[in-house]
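Student: Here it is, the structure in full.
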Amino acid sequence: MAGVNEVDFSGWLPVRAWQREGDWRLDWCWFGEQRLTRPFFRDDVELALRLPFNQAFRRETGLQALLDWQAASPGLTPTALIFHASRCGSTLMAQMLAALEGNIVLSEPPPLDALLRAHLLEPGAAAQQPAWLAALLSAYGQRRRADDCHLFIKLDAWNLFEAPLLQALYPDTPRIFLYRDPLEIVVSQLRQPGMHRVPGLLGPSALDMPLGDALRLSPAEYASRTVGAILQQGLVLCREQGAVPVNYSELPDVLWGRLAPLFRLQAADVPALRDIAAFDAKQPSLWFSADTQGKREAADESLRDTVENWAGEAYRALEKWRQTGAVEESSCMTTRM
């Protein structure tokens with residue numbers, strides 16, 4: 001069977017990256033030609049690990065194996081990188097793209113997050129990070145099916161701060177920043193906290209603040225501070241690094257509208273995209289139900305003031321950039337393509 005010697009990883013994907021005694025290690029999982037179609041990469045991994053083969057065989061390597069595999073079999077270059085502020089439709093966007101044959105869509109793969117933040121665990125890793133990241137995305141971009149032609153990467157919300165690493169590797173790859181009204185994000189985070197909403201849970205990141213200071217903030221203040229920092233960094237991504245701002249309110253039509261050239265979409269793709277947009281992205285068995293009004297009604301005046309204090313200015317600046325400054329930039333990017 002392909003993929004059993006030390007160099008050949010055909011059909012295998014890295015599913016975990018971690019440090020052991022100062023060295024970075026990788027776990028690989030056999031996927032064969034199985035497409036990645038579930039809401040998050042970890043969901044696809046969980047499904048693949050149920051296969052008897054993966055229960056019987058395990059591949060663990062160092063990062064050198066990743067570099068060797070890239071040299072032996074270079075993968076697809078990313079077609080687009082999707083950054084987001086969390087709870088703003090990025091999962092829907094990824095699910096819509098994954099519905100199209102020929103698209104490889106990685107939705108928040110943990111190994112990518114680990115290597116993007118490696119320098120925060122080990123400052124000496126910074127010099128090697130570009131090579132590691134390029135090799136990892138090459139592994140994810142392997143053509144495991146004959147029609148594979150596009151690679152889309154949806155990152156974790158906090159990976160915005162490592163965006164310059166990816167821009168240096170892929171300067172011509174379009175970048176999207178998806179966001180929404182911070183009040184709606186904070187309400188969602190308070191109801192169901194993400195990793196970056198709980199002080200100390202995420203591990204080292206650019207969102208860090210002294211734990212004592214974090215614990216002195218109320219949950220609403222901490223969530224608002226976090227969302228505000230992400231929106232501010234998203235504004236930097238758009239203004240200084242050429243990312244295209246997309247508001248949640250534009251979904252799903254924006255995919256077959258102004259983003260179509262960046263995502264290499266055709267008119268024939270629209271029916272499949274519309275079908276996926278009708279379902280809940282995180283629970284595909286359920287119909288989609290808009291939650292904007294419900295989230296806004298759930299916020300009292302105190303929460304509104306807190307969100308405004310920490311995130312209001314950044315959100316308004318993003319909206320202004322999307323509606324004015326980004327128009328010419330997006331037009332230029334489309335022309336270059």
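Residues in the structure tokens are numbered from 1 in each chain, the chains being A, B, ... in the order shown, and ligands are numbered from 1 in the order shown.
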Contacts of A:Leu112 at 8 Å or less, counting only C-alpha atoms, minus same-chain residues fewer than 4 places along, as a PyMOL selection string?

Tutor: chain A and resi 108+116+133+136

Student: I'd like the neighbourhood of stretch 302-316 of chain A as a PyMOL selection string, where a residue qualifies if any of its atoms comes within 7 Å (using only C-alpha atoms), though same-chain residues fewer than 2 positions away should be ignored.

Tutor: chain A and resi 181-183+220-221+224-225+227-228+231-232+299-300+318-320

Student: From the set A:Leu51, A:Leu178, A:Cys88, A:Leu169, which residue has the shortest atom-to-atom contact distance to A:Gly234, counting only C-alpha atoms?

Tutor: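 The closest residue to A:Gly234 is A:Leu178.
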
Student: For each of A:Ser86, A:Gln167, A:Thr79, A:Gln64, take the minimum atom-to-atom distance to A:Gln241, counting only C-alpha atoms, then give the residue where this is smallest.

Tutor: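 Among the listed residues, the smallest separation from A:Gln241 belongs to A:Gln167.
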
Student: What does the distance from atom CA of A:Ala118 to atom CA of A:His196 come to in Å, to one decimal?

Tutor: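 Value for the atom CA of A:Ala118-atom CA of A:His196 distance: 16.8 Å.
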
Student: Quick one: of A:Ala114, A:Leu215, A:Val236, A:Ile82, who's nearest to A:Ile176, counting only C-alpha atoms?

Tutor: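 Of the candidates, the smallest distance to A:Ile176 is held by A:Ile82.
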
Student: Name the closest residue to A:Glu184 among the candidates A:Thr292, A:Gln128, A:Asn103, A:Ser249; distances are taken between atoms, counting only C-alpha atoms.

Tutor: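 For A:Glu184, the nearest of the candidates is A:Thr292.
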
Student: Using DSSP assignments from the backbone, pull out every residue in stretch 129-177 of chain A that falls under strand (DSSP E) and give it to me as number ranges by chain.

Tutor: A: 150-154, 175-177

Student: Could you take the residues named above and write them with C-alpha atoms, as a compact mmCIF listing (two decimals), in the first residue's frame?

Tutor:
```txt
# COMPACT_ATOMS: atom_id res chain seq x y z
CA HIS A 150 -7.54 24.37 -5.31
CA LEU A 151 -6.39 24.59 -1.68
CA PHE A 152 -8.24 26.78 0.80
CA ILE A 153 -7.04 27.30 4.37
CA LYS A 154 -9.32 28.63 7.10
CA ARG A 175 -6.43 36.79 1.95
CA ILE A 176 -9.94 37.27 3.31
CA PHE A 177 -10.87 38.75 6.69
```

Student: From a DSSP pass on the backbone, collect the residues of stretch 46-102 of chain A flagged as alpha helix (DSSP H) and hand them back as a list in words.

Tutor: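 Matching residues, listed in order: Glu46, Leu47, Ala48, Pro52, Phe53, Asn54, Gln55, Ala56, Leu63, Gln64, Ala65, Leu66, Leu67, Asp68, Trp69, Gln70, Ala71, Ala72, Ser90, Thr91, Leu92, Met93, Ala94, Gln95, Met96, Leu97 and Ala98 of chain A.
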
Student: Atoms to include: C-alpha atoms. Write the selected residues as a short mmCIF file (atom, residue, chain, number, x, y, z; two decimals), in the first residue's frame.

Tutor:
```cif
data_model
loop_
_atom_site.label_atom_id
_atom_site.label_comp_id
_atom_site.auth_asym_id
_atom_site.auth_seq_id
_atom_site.Cartn_x
_atom_site.Cartn_y
_atom_site.Cartn_z
CA GLU A 46 -12.11 11.93 14.27
CA LEU A 47 -13.94 10.17 11.45
CA ALA A 48 -10.71 8.92 9.84
CA PRO A 52 -9.44 -0.06 11.36
CA PHE A 53 -6.25 0.80 9.46
CA ASN A 54 -5.70 3.95 11.52
CA GLN A 55 -6.40 2.06 14.72
CA ALA A 56 -3.76 -0.53 13.82
CA LEU A 63 9.56 17.80 11.06
CA GLN A 64 12.39 16.68 8.79
CA ALA A 65 10.03 14.07 7.33
CA LEU A 66 7.64 16.90 6.46
CA LEU A 67 10.43 18.78 4.67
CA ASP A 68 11.54 15.65 2.83
CA TRP A 69 7.97 14.96 1.69
CA GLN A 70 7.65 18.49 0.32
CA ALA A 71 10.88 18.05 -1.65
CA ALA A 72 9.71 14.71 -3.04
CA SER A 90 -16.17 31.45 8.41
CA THR A 91 -17.36 27.88 8.92
CA LEU A 92 -20.18 28.48 6.44
CA MET A 93 -17.69 29.89 3.94
CA ALA A 94 -15.43 26.85 4.36
CA GLN A 95 -18.37 24.43 4.05
CA MET A 96 -19.54 26.10 0.86
CA LEU A 97 -16.08 25.85 -0.69
CA ALA A 98 -15.73 22.23 0.45
#
```

Student: Using only C-alpha atoms, which residues sit within 9 Å of A:Asp269 once same-chain residues fewer than 5 positions away are excluded, as a PyMOL selection string?

Tutor: chain A and resi 100+256+274

Student: Using only C-alpha atoms, which of A:Tyr140, A:Phe161, A:Phe83, A:Trp132 sits nearest A:Cys29?

Tutor: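 Looking only at the distances to A:Cys29, the closest residue turns out to be A:Tyr140.
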
Student: Atom CA of A:Ala229 to atom CA of A:Leu165: how many Å, to one decimal?

Tutor: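 Separation of atom CA of A:Ala229 and atom CA of A:Leu165: 18.8 Å.
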
Student: Go through A:Gly62, A:Pro252, A:Pro204, A:Gly124 one by one, measure the shortest atom-to-atom distance of each to A:Asp275 using only C-alpha atoms, and give the residue with the smallest value.

Tutor: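 Closest to A:Asp275, using only C-alpha atoms: A:Pro252.
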
Student: What does the distance from atom CA of A:Pro174 to atom CA of A:Asp43 come to in Å, to one decimal?

Tutor: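 Taking atom CA of A:Pro174 as the start and atom CA of A:Asp43 as the end point, the length is 26.0 Å.
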
Student: With a distance cut-off of 6 Å and only C-alpha atoms, select the neighbouring residues of A:Gly102, excluding the residue or stretch itself and same-chain residues fewer than 2 positions from it, and output the selection as a ChimeraX atom specification.

Tutor: /A:147-149
